[in-house]
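The next block is structure-v8.cif, given as mmCIF, C-alpha atoms.
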data_run
loop_
_atom_site.group_PDB
_atom_site.id
_atom_site.type_symbol
_atom_site.label_atom_id
_atom_site.label_comp_id
_atom_site.auth_asym_id
_atom_site.auth_seq_id
_atom_site.Cartn_x
_atom_site.Cartn_y
_atom_site.Cartn_z
ATOM 1 C CA MET A 287 261.812 33.999 47.452
ATOM 2 C CA SER A 288 265.497 34.562 47.964
ATOM 3 C CA SER A 289 267.269 33.521 51.113
ATOM 4 C CA ALA A 290 270.473 35.347 50.229
ATOM 5 C CA ARG A 291 272.713 36.042 53.157
ATOM 6 C CA PRO A 292 273.113 39.746 53.992
ATOM 7 C CA SER A 293 276.312 41.351 52.736
ATOM 8 C CA ALA A 294 279.273 41.675 55.062
ATOM 9 C CA HIS A 295 278.597 45.428 55.284
ATOM 10 C CA GLU A 296 274.984 44.780 56.325
ATOM 11 C CA ARG A 297 276.001 42.116 58.864
ATOM 12 C CA ILE A 298 278.633 44.365 60.429
ATOM 13 C CA LEU A 299 276.286 47.333 60.664
ATOM 14 C CA SER A 300 273.283 45.369 61.964
ATOM 15 C CA THR A 301 275.456 43.628 64.556
ATOM 16 C CA ALA A 302 277.035 46.905 65.629
ATOM 17 C CA THR A 303 273.605 48.567 65.820
ATOM 18 C CA ALA A 304 272.221 45.859 68.096
ATOM 19 C CA LEU A 305 275.311 45.911 70.302
ATOM 20 C CA PHE A 306 275.539 49.719 70.467
ATOM 21 C CA ASN A 307 271.853 49.940 71.334
ATOM 22 C CA ALA A 308 272.287 47.410 74.132
ATOM 23 C CA HIS A 309 275.695 48.410 75.523
ATOM 24 C CA GLY A 310 276.615 51.855 74.172
ATOM 25 C CA VAL A 311 279.223 52.750 71.593
ATOM 26 C CA ARG A 312 282.135 52.653 74.030
ATOM 27 C CA GLY A 313 280.921 49.497 75.766
ATOM 28 C CA VAL A 314 281.437 47.398 72.630
ATOM 29 C CA GLY A 315 284.804 46.646 71.116
ATOM 30 C CA VAL A 316 285.596 45.957 67.492
ATOM 31 C CA ASP A 317 286.587 42.367 68.321
ATOM 32 C CA ARG A 318 283.090 41.642 69.640
ATOM 33 C CA ILE A 319 281.487 43.131 66.520
ATOM 34 C CA ILE A 320 283.800 41.007 64.358
ATOM 35 C CA ALA A 321 282.989 37.835 66.308
ATOM 36 C CA GLU A 322 279.225 38.362 66.356
ATOM 37 C CA SER A 323 278.928 39.480 62.733
ATOM 38 C CA GLY A 324 281.009 36.548 61.506
ATOM 39 C CA VAL A 325 283.462 38.593 59.437
ATOM 40 C CA ALA A 326 287.223 38.818 59.424
ATOM 41 C CA LYS A 327 288.963 41.836 60.923
ATOM 42 C CA ALA A 328 290.227 42.822 57.457
ATOM 43 C CA THR A 329 286.643 42.701 56.150
ATOM 44 C CA LEU A 330 285.386 45.018 58.870
ATOM 45 C CA TYR A 331 288.180 47.487 58.213
ATOM 46 C CA SER A 332 287.619 47.347 54.444
ATOM 47 C CA HIS A 333 284.050 48.575 55.063
ATOM 48 C CA PHE A 334 284.712 50.876 58.036
ATOM 49 C CA ARG A 335 288.222 52.327 58.316
ATOM 50 C CA THR A 336 287.814 53.040 62.038
ATOM 51 C CA LYS A 337 285.386 52.271 64.813
ATOM 52 C CA ASP A 338 284.291 55.901 64.678
ATOM 53 C CA ASP A 339 283.325 55.396 61.017
ATOM 54 C CA LEU A 340 281.178 52.473 62.144
ATOM 55 C CA VAL A 341 279.620 54.572 64.922
ATOM 56 C CA LEU A 342 278.838 57.317 62.382
ATOM 57 C CA ALA A 343 277.134 54.754 60.122
ATOM 58 C CA TYR A 344 275.147 53.541 63.144
ATOM 59 C CA LEU A 345 274.060 57.114 63.876
ATOM 60 C CA ARG A 346 273.061 57.718 60.234
ATOM 61 C CA GLY A 347 270.895 54.592 60.322
ATOM 62 C CA SER A 348 269.413 55.599 63.668
ATOM 63 C CA ASP A 349 268.698 59.069 62.288
ATOM 64 C CA GLU A 350 266.873 57.614 59.269
ATOM 65 C CA ARG A 351 264.814 55.208 61.379
ATOM 66 C CA TRP A 352 263.942 57.628 64.193
ATOM 67 C CA GLY A 353 263.346 60.630 61.953
ATOM 68 C CA GLY A 354 261.146 58.477 59.730
ATOM 69 C CA ALA A 355 259.181 57.158 62.700
ATOM 70 C CA LEU A 356 258.549 60.688 64.015
ATOM 71 C CA ARG A 357 257.409 61.930 60.600
ATOM 72 C CA GLU A 358 255.172 58.906 60.017
ATOM 73 C CA ALA A 359 253.516 59.354 63.412
ATOM 74 C CA ALA A 360 252.989 63.079 62.791
ATOM 75 C CA GLU A 361 251.506 62.434 59.345
ATOM 76 C CA ALA A 362 249.262 59.643 60.654
ATOM 77 C CA ALA A 363 247.750 62.105 63.149
ATOM 78 C CA GLY A 364 246.100 63.989 60.289
ATOM 79 C CA ALA A 365 246.520 66.931 57.963
ATOM 80 C CA ASP A 366 246.419 69.591 60.688
ATOM 81 C CA PRO A 367 250.018 70.309 61.771
ATOM 82 C CA ARG A 368 248.771 70.935 65.323
ATOM 83 C CA ASP A 369 247.669 67.303 65.419
ATOM 84 C CA GLY A 370 251.055 66.253 64.039
ATOM 85 C CA LEU A 371 252.901 68.032 66.843
ATOM 86 C CA VAL A 372 251.006 65.874 69.322
ATOM 87 C CA GLY A 373 250.710 62.748 67.165
ATOM 88 C CA LEU A 374 254.461 62.392 66.828
ATOM 89 C CA PHE A 375 254.457 61.055 70.391
ATOM 90 C CA ASP A 376 252.953 57.851 68.987
ATOM 91 C CA ALA A 377 256.462 57.094 67.700
ATOM 92 C CA LEU A 378 257.623 57.154 71.312
ATOM 93 C CA ASP A 379 255.006 54.571 72.251
ATOM 94 C CA SER A 380 256.504 52.137 69.741
ATOM 95 C CA ALA A 381 260.123 52.930 70.612
ATOM 96 C CA THR A 382 259.917 52.987 74.392
ATOM 97 C CA GLU A 383 257.797 49.852 74.689
ATOM 98 C CA ARG A 384 260.390 47.746 72.830
ATOM 99 C CA ASP A 385 262.058 45.166 75.004
ATOM 100 C CA GLY A 386 265.522 46.399 75.877
ATOM 101 C CA PHE A 387 264.865 50.087 75.148
ATOM 102 C CA ARG A 388 267.861 52.036 76.450
ATOM 103 C CA GLY A 389 266.914 55.597 75.566
ATOM 104 C CA CYS A 390 267.837 57.940 72.773
ATOM 105 C CA ALA A 391 270.775 56.648 70.739
ATOM 106 C CA PHE A 392 271.970 60.195 70.147
ATOM 107 C CA ILE A 393 271.918 61.330 73.757
ATOM 108 C CA ARG A 394 273.602 58.102 74.866
ATOM 109 C CA THR A 395 276.288 58.474 72.198
ATOM 110 C CA ALA A 396 276.808 62.169 72.956
ATOM 111 C CA GLY A 397 277.447 61.230 76.584
ATOM 112 C CA GLU A 398 280.108 58.741 75.516
ATOM 113 C CA THR A 399 281.995 60.968 73.098
ATOM 114 C CA GLU A 400 284.081 64.117 73.304
ATOM 115 C CA PRO A 401 282.551 67.388 72.124
ATOM 116 C CA GLY A 402 284.070 68.460 68.824
ATOM 117 C CA THR A 403 284.604 64.948 67.499
ATOM 118 C CA ALA A 404 282.796 63.848 64.341
ATOM 119 C CA THR A 405 280.722 61.393 66.351
ATOM 120 C CA HIS A 406 279.600 63.957 68.913
ATOM 121 C CA THR A 407 278.905 66.479 66.152
ATOM 122 C CA ALA A 408 276.643 63.937 64.413
ATOM 123 C CA THR A 409 274.554 63.634 67.589
ATOM 124 C CA VAL A 410 274.182 67.413 67.833
ATOM 125 C CA GLU A 411 273.282 67.688 64.140
ATOM 126 C CA HIS A 412 270.560 65.068 64.578
ATOM 127 C CA LYS A 413 268.969 67.007 67.437
ATOM 128 C CA ARG A 414 269.182 70.246 65.442
ATOM 129 C CA ALA A 415 267.543 68.575 62.432
ATOM 130 C CA VAL A 416 264.671 67.289 64.570
ATOM 131 C CA ARG A 417 264.174 70.766 66.055
ATOM 132 C CA ALA A 418 264.260 72.322 62.568
ATOM 133 C CA TRP A 419 261.550 69.911 61.412
ATOM 134 C CA LEU A 420 259.501 70.635 64.544
ATOM 135 C CA THR A 421 259.970 74.374 63.966
ATOM 136 C CA GLU A 422 258.584 74.044 60.457
ATOM 137 C CA LEU A 423 255.645 72.006 61.745
ATOM 138 C CA ALA A 424 255.017 74.621 64.460
ATOM 139 C CA ARG A 425 255.198 77.383 61.850
ATOM 140 C CA GLU A 426 252.630 75.537 59.698
ATOM 141 C CA ALA A 427 250.456 75.150 62.810
ATOM 142 C CA GLY A 428 250.447 78.924 63.274
ATOM 143 C CA ALA A 429 252.603 79.166 66.390
ATOM 144 C CA ALA A 430 253.533 82.736 67.288
ATOM 145 C CA ASP A 431 257.032 81.531 68.250
ATOM 146 C CA PRO A 432 257.648 78.300 66.302
ATOM 147 C CA GLU A 433 261.244 77.882 67.498
ATOM 148 C CA ARG A 434 260.208 78.024 71.147
ATOM 149 C CA LEU A 435 257.396 75.510 70.642
ATOM 150 C CA ALA A 436 259.776 73.215 68.745
ATOM 151 C CA THR A 437 262.292 73.415 71.585
ATOM 152 C CA GLN A 438 259.613 72.658 74.171
ATOM 153 C CA ILE A 439 258.347 69.638 72.244
ATOM 154 C CA SER A 440 261.852 68.305 71.606
ATOM 155 C CA VAL A 441 262.599 68.526 75.337
ATOM 156 C CA LEU A 442 259.399 66.574 76.034
ATOM 157 C CA VAL A 443 260.417 63.901 73.510
ATOM 158 C CA ASP A 444 263.921 63.563 74.974
ATOM 159 C CA GLY A 445 262.617 63.598 78.551
ATOM 160 C CA ALA A 446 260.043 60.890 77.861
ATOM 161 C CA MET A 447 262.726 58.702 76.280
ATOM 162 C CA ALA A 448 265.108 59.253 79.190
ATOM 163 C CA ALA A 449 262.416 58.379 81.725
ATOM 164 C CA ALA A 450 261.404 55.274 79.769
ATOM 165 C CA ALA A 451 265.029 54.145 79.542
ATOM 166 C CA LEU A 452 265.196 54.141 83.334
ATOM 167 C CA GLU A 453 261.749 52.700 83.954
ATOM 168 C CA PRO A 454 259.798 51.470 80.916
ATOM 169 C CA ARG A 455 256.253 52.660 81.611
ATOM 170 C CA PRO A 456 253.743 54.057 79.093
ATOM 171 C CA GLU A 457 252.772 56.829 81.520
ATOM 172 C CA PHE A 458 255.896 58.794 80.591
ATOM 173 C CA THR A 459 254.980 59.081 76.936
ATOM 174 C CA GLU A 460 251.367 59.848 77.800
ATOM 175 C CA ALA A 461 252.446 62.617 80.192
ATOM 176 C CA ALA A 462 254.691 64.123 77.506
ATOM 177 C CA ARG A 463 251.874 63.863 74.951
ATOM 178 C CA GLU A 464 249.461 65.670 77.310
ATOM 179 C CA ALA A 465 252.017 68.419 77.946
ATOM 180 C CA ALA A 466 252.583 68.792 74.192
ATOM 181 C CA ARG A 467 248.842 69.010 73.612
ATOM 182 C CA ALA A 468 248.608 71.849 76.166
ATOM 183 C CA LEU A 469 251.600 73.676 74.675
ATOM 184 C CA VAL A 470 250.215 73.384 71.149
ATOM 185 C CA ALA A 471 246.781 74.605 72.251
ATOM 186 C CA GLN A 472 248.400 77.606 73.945
ATOM 187 C CA ALA A 473 250.859 78.422 71.136
ATOM 188 C CA CYS A 474 248.755 77.716 68.056
ATOM 189 C CA PRO A 475 245.427 79.470 67.615
ATOM 190 C CA VAL A 476 242.552 77.439 66.228
ATOM 191 C CA ARG A 477 241.942 78.418 62.643
ATOM 192 C CA ALA A 478 238.446 79.438 61.584
#
Would you mind giving the structure from this file in structure tokens?
Amino acid sequence: MSSARPSAHERILSTATALFNAHGVRGVGVDRIIAESGVAKATLYSHFRTKDDLVLAYLRGSDERWGGALREAAEAAGADPRDGLVGLFDALDSATERDGFRGCAFIRTAGETEPGTATHTATVEHKRAVRAWLTELAREAGAADPERLATQISVLVDGAMAAAALEPRPEFTEAAREAARALVAQACPVRA
């Protein structure tokens, strides 16, 4: 069993991720990331030319983790895509019950960045990618208007996370899950 120390790149990114999740991307300066990751300023800048490059790496990692969690929860709900559209809310249970949950990383970051910047664009692209995946799932479930159902479910996901960021209670995710179940039942006919 190896006890190798994480690379400087890994230390910088994991430190930045923890700090950005706790304090936002604009609430954390590069000097704090340097101090807490234990690297020299030159080392940080050799891995990430600018703070925005570091924020983009944080968002890519968040996208991989969150997108993976949503897909895993949907798949765990069963083979029927209708069940997946409701089951994906299990990912919210895990995320919103974490100590220190501060809401959606992408919505928080979008609120702290200027529209049109690479960072803001990355947040928008993430939300579009989630909706595209939900649209495909809704299409597979037989929804008459898959894009509308995907939009409705994505709003429920974002709303549940926003509510839980303000007041961490499991009732928010359960309410969103129940609303999704009703929307799916209305939009997707039961197959014979």
task = Give me the result of the PyMOL selection byres ((chain A and resi 325-341) around 9) on this file, residue by residue, as a PyMOL selection string.
result = chain A and resi 294-295+297-299+302-303+306+311+315-317+319-324+342-346+395+404-405
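Candidate residues A:Ala290, A:Cys390, A:Ala451, A:Leu371 were compared for distance to Pro432 (chain A), and the nearest is A:Leu371, using all atoms listed in the file.
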Work out how far CA of Arg414 (chain A) is from CA of Gly445 (chain A), in Å to one decimal.
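Taking CA of Gly445 (chain A) and CA of Arg414 (chain A), their separation equals 16.1 Å.
Among the candidates A:Arg394, A:Arg467, A:Arg388, A:His412, the one nearest to Gly370 (chain A) when counting only C-alpha atoms is A:Arg467.
Of the residues listed (A:Cys474, A:Pro454, A:Ser300, A:Val314), A:Cys474 shows the shortest atom-to-atom separation from Asp369 (chain A); distances use only C-alpha atoms.
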In terms of only C-alpha atoms, the residue from A:Ile393, A:Gly313, A:Pro367, A:Arg291 at minimal distance from Glu411 (chain A) is A:Ile393
Item checked: Point-to-point distance in Å for CA of Met447 (chain A) and CA of Thr382 (chain A) ->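 According to the coordinates, CA of Thr382 (chain A) and CA of Met447 (chain A) are separated by 6.6 Å.
Nearest-residue note for Ala360 (chain A): choosing from A:Leu423, A:Asp385, A:Lys413, A:Ala448, the minimum distance belongs to A:Leu423, counting all atoms listed in the file.
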With distances taken over only C-alpha atoms, which residue among A:Ala377, A:Ala430, A:Ala365, A:Ala466 lies nearest Trp352 (chain A)?
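Distance minimum relative to Trp352 (chain A) lands on A:Ala377.
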**Asked** By how many Å are CA of Ala471 (chain A) and CA of Ala424 (chain A) apart?
**Response**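 Separation between CA of Ala471 (chain A) and CA of Ala424 (chain A): 11.3 Å.
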